[in-house]
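Here is the structure we will look at.
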Amino acid sequence: MDSSLGTLITTTITVSTPPQFGFWRTVYSHGWCALPPFRVDKKEETLDCVFSLSDGTLAVASLRSLGQDKISATITSQSPFSAPRKKELTQLVRSILRLDEDFSDFYRHVSRYPDYRWICRMRVGRLLRAPTVFEDVVKMMCTTNCSWALTTTMVNNLTSLLGPAADAGLHGFPAAASIAGQTDAFIRKYLRAGYRAPYLLELSDRVASGKLDLESWRTSAASTEELFRQVRGVKGIGEYAAGNILKLLGRYDYLGLDSWVRGKYSEKYHSGRRVSDTTIERRYREHGQWRGLIIWLEMTRDWFTKKFPF
DNA sequence: GCGTCCAGGTCTACC
DNA sequence: GGTAGACCTGGACGC
């Protein structure tokens with residue numbers, strides 16, 4: 001459906017979803033929805049995102065739930081949104097919401113545990129991800145060793161200062177070359193990335209020069225252990241960050257513990273008393289390839305009781 | 001308003 | 001292989 005709006009054209013695409021898909025449960029599956037180019041519009045009840053298409057078009061899309069088996073993506077553009085662009089955007093929407101990932105084994109596994117049957121009932125587990133692995137890795141690097149407020153500052157600065165300008169005052173996520181073209185001093189001073197600056201520069205340079213193909217990680221046939229080693233090979237990505245990047249690649253074997261998860265875990269199981277990582281790992285060991293997803297869902301269970309948990 | 005302390009992951013040097 | 005210290009920012013706290 002296309003309709004003219006002055007010089008702007010509005011295009012709406014309908015995307016089918018798996019049965020019982022929870023749009024807001026996926027949007028709020030972790031903190032990404034609060035980091036640009038994502039933006040939650042609570043009044044309009046949309047998730048707005050900026051997508052960079054392969055032909056260079058920058059598309060601002062508003063995603064909205066149309067019930068349990070459909071969502072819509074509304075794009076406002078200055079030129080007609082062609083069929084190939086619609087197809088590419090549909091694929092990107094499916095990818096960020098993880099609509100094509102098969103969770104049937106996961107739900108079969110958790111349904112064997114009375115304490116986890118709610119996971120199966122609510123059909124949760126799809127973790128929101130960025131359109132590109134590069135964006136996910138950069139953002140994950142910006143979550144390390146700092147408060148969430150500082151993560152937000154770094155990602156806001158990255159997009160507003162280096163990202164391409166889109167409609168509605170939004171910016172897309174910067175391409176690797178845009179970051180690689182900056183100086184260490186700029187990244188420290190204006191992005192507030194501090195000591196992460198050389199790590200961001202090295203990563204962006206390797207990606208921009210084609211020496212590192214991050215996008216291939218999503219379809220890699222390598223074992224999870226091997227992929228973990230590759231992810232850890234990026235400077236600035238340690239155990240925590242690598243474990244969580246793997247979750248966004250559809251591999252859930254690593255817990256990806258940080259201070260927040262450790263705190264939630266100790267509150268839930270040890271009355272707030274600190275426990276070792278080994279103790280936490282022991283509890284989830286029996287869940288094998290799903291342990292990383294189970295611990296995350298368990299620690300964020302209260303988020304699923306509200307449409308907008310934060 | 002200013003100075004000090006601390007929390008937050010990762011890397012590197014050292015044992 | 002394990003450990004200590006440095007890295008940098010922002011918030012909390014005391015003065």
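Each chain in the structure tokens gets a letter, A, B and so on, in the order shown; residues start at 1 in every chain, and ligands are counted from 1 in the order they appear.
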At a cut-off of 12 Å, using only C-alpha atoms (C1' of nucleotides), what residues contact DT12 of chain B? Leave out same-chain residues fewer than 4 positions from it and give the result as a count of residues only.
5
Using only C-alpha atoms (C1' of nucleotides), find the residues of chain A whose closest atom to chain C is at most 12 Å away, then write them as a PyMOL selection string.
chain A and resi 142+144-151+153-154+188-189+191-198+236
Mind checking DSSP for segment 53-269 of chain A and telling me the strand (DSSP E) residues as number ranges by chain?
A: 58-65, 70-77
Tell me, counting only C-alpha atoms (C1' of nucleotides), for each residue of chain B within 7 Å of chain A, which pair of atoms is nearest and how far apart they are in Å to one decimal, in rows ordered by chain and increasing number, as CSV.
residue,atom,partner,partner_atom,distance
B:DG8,C1',A:Asn145,CA,3.7
B:DG9,C1',A:Asn145,CA,4.4
B:DT10,C1',A:Gly238,CA,5.9
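Atom CA of Arg121 of chain A is positioned 12.3 Å from atom CA of Ser104 of chain A.
Rounded to one decimal, atom CA of Asn244 of chain A and atom CA of Ala166 of chain A lie 29.0 Å from each other.
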So which bits of segment 116-255 of chain A end up alpha helix (DSSP H) when you DSSP the backbone, as a PyMOL selection string?
chain A and resi 117-122+133-141+148-157+176-180+184-191+197-208+224-232+239-248
Residues at most 9 Å from Leu248 of chain A, counting only C-alpha atoms (C1' of nucleotides), excluding those fewer than 5 positions away in the same chain, as a ChimeraX atom specification?
/A:127-130,133,136,218
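The list of residues with at least one atom within 9 Å of segment 83-97 of chain A, based on only C-alpha atoms (C1' of nucleotides) and without residues fewer than 6 positions apart in the same chain, reads Thr11, Ile13, Thr14, Val15, Ser16, Thr17, Phe23, Thr26, Val27, Phe51, Leu53, Ser54, Asp55, Thr57, Ala59, Ala61, Leu63, Ala73, Arg126, Leu127, Leu128, Arg129, Ala130, Pro131 and Thr132 of chain A.
Between atom CA of Glu101 of chain A and atom CA of Arg251 of chain A the separation is 11.0 Å.
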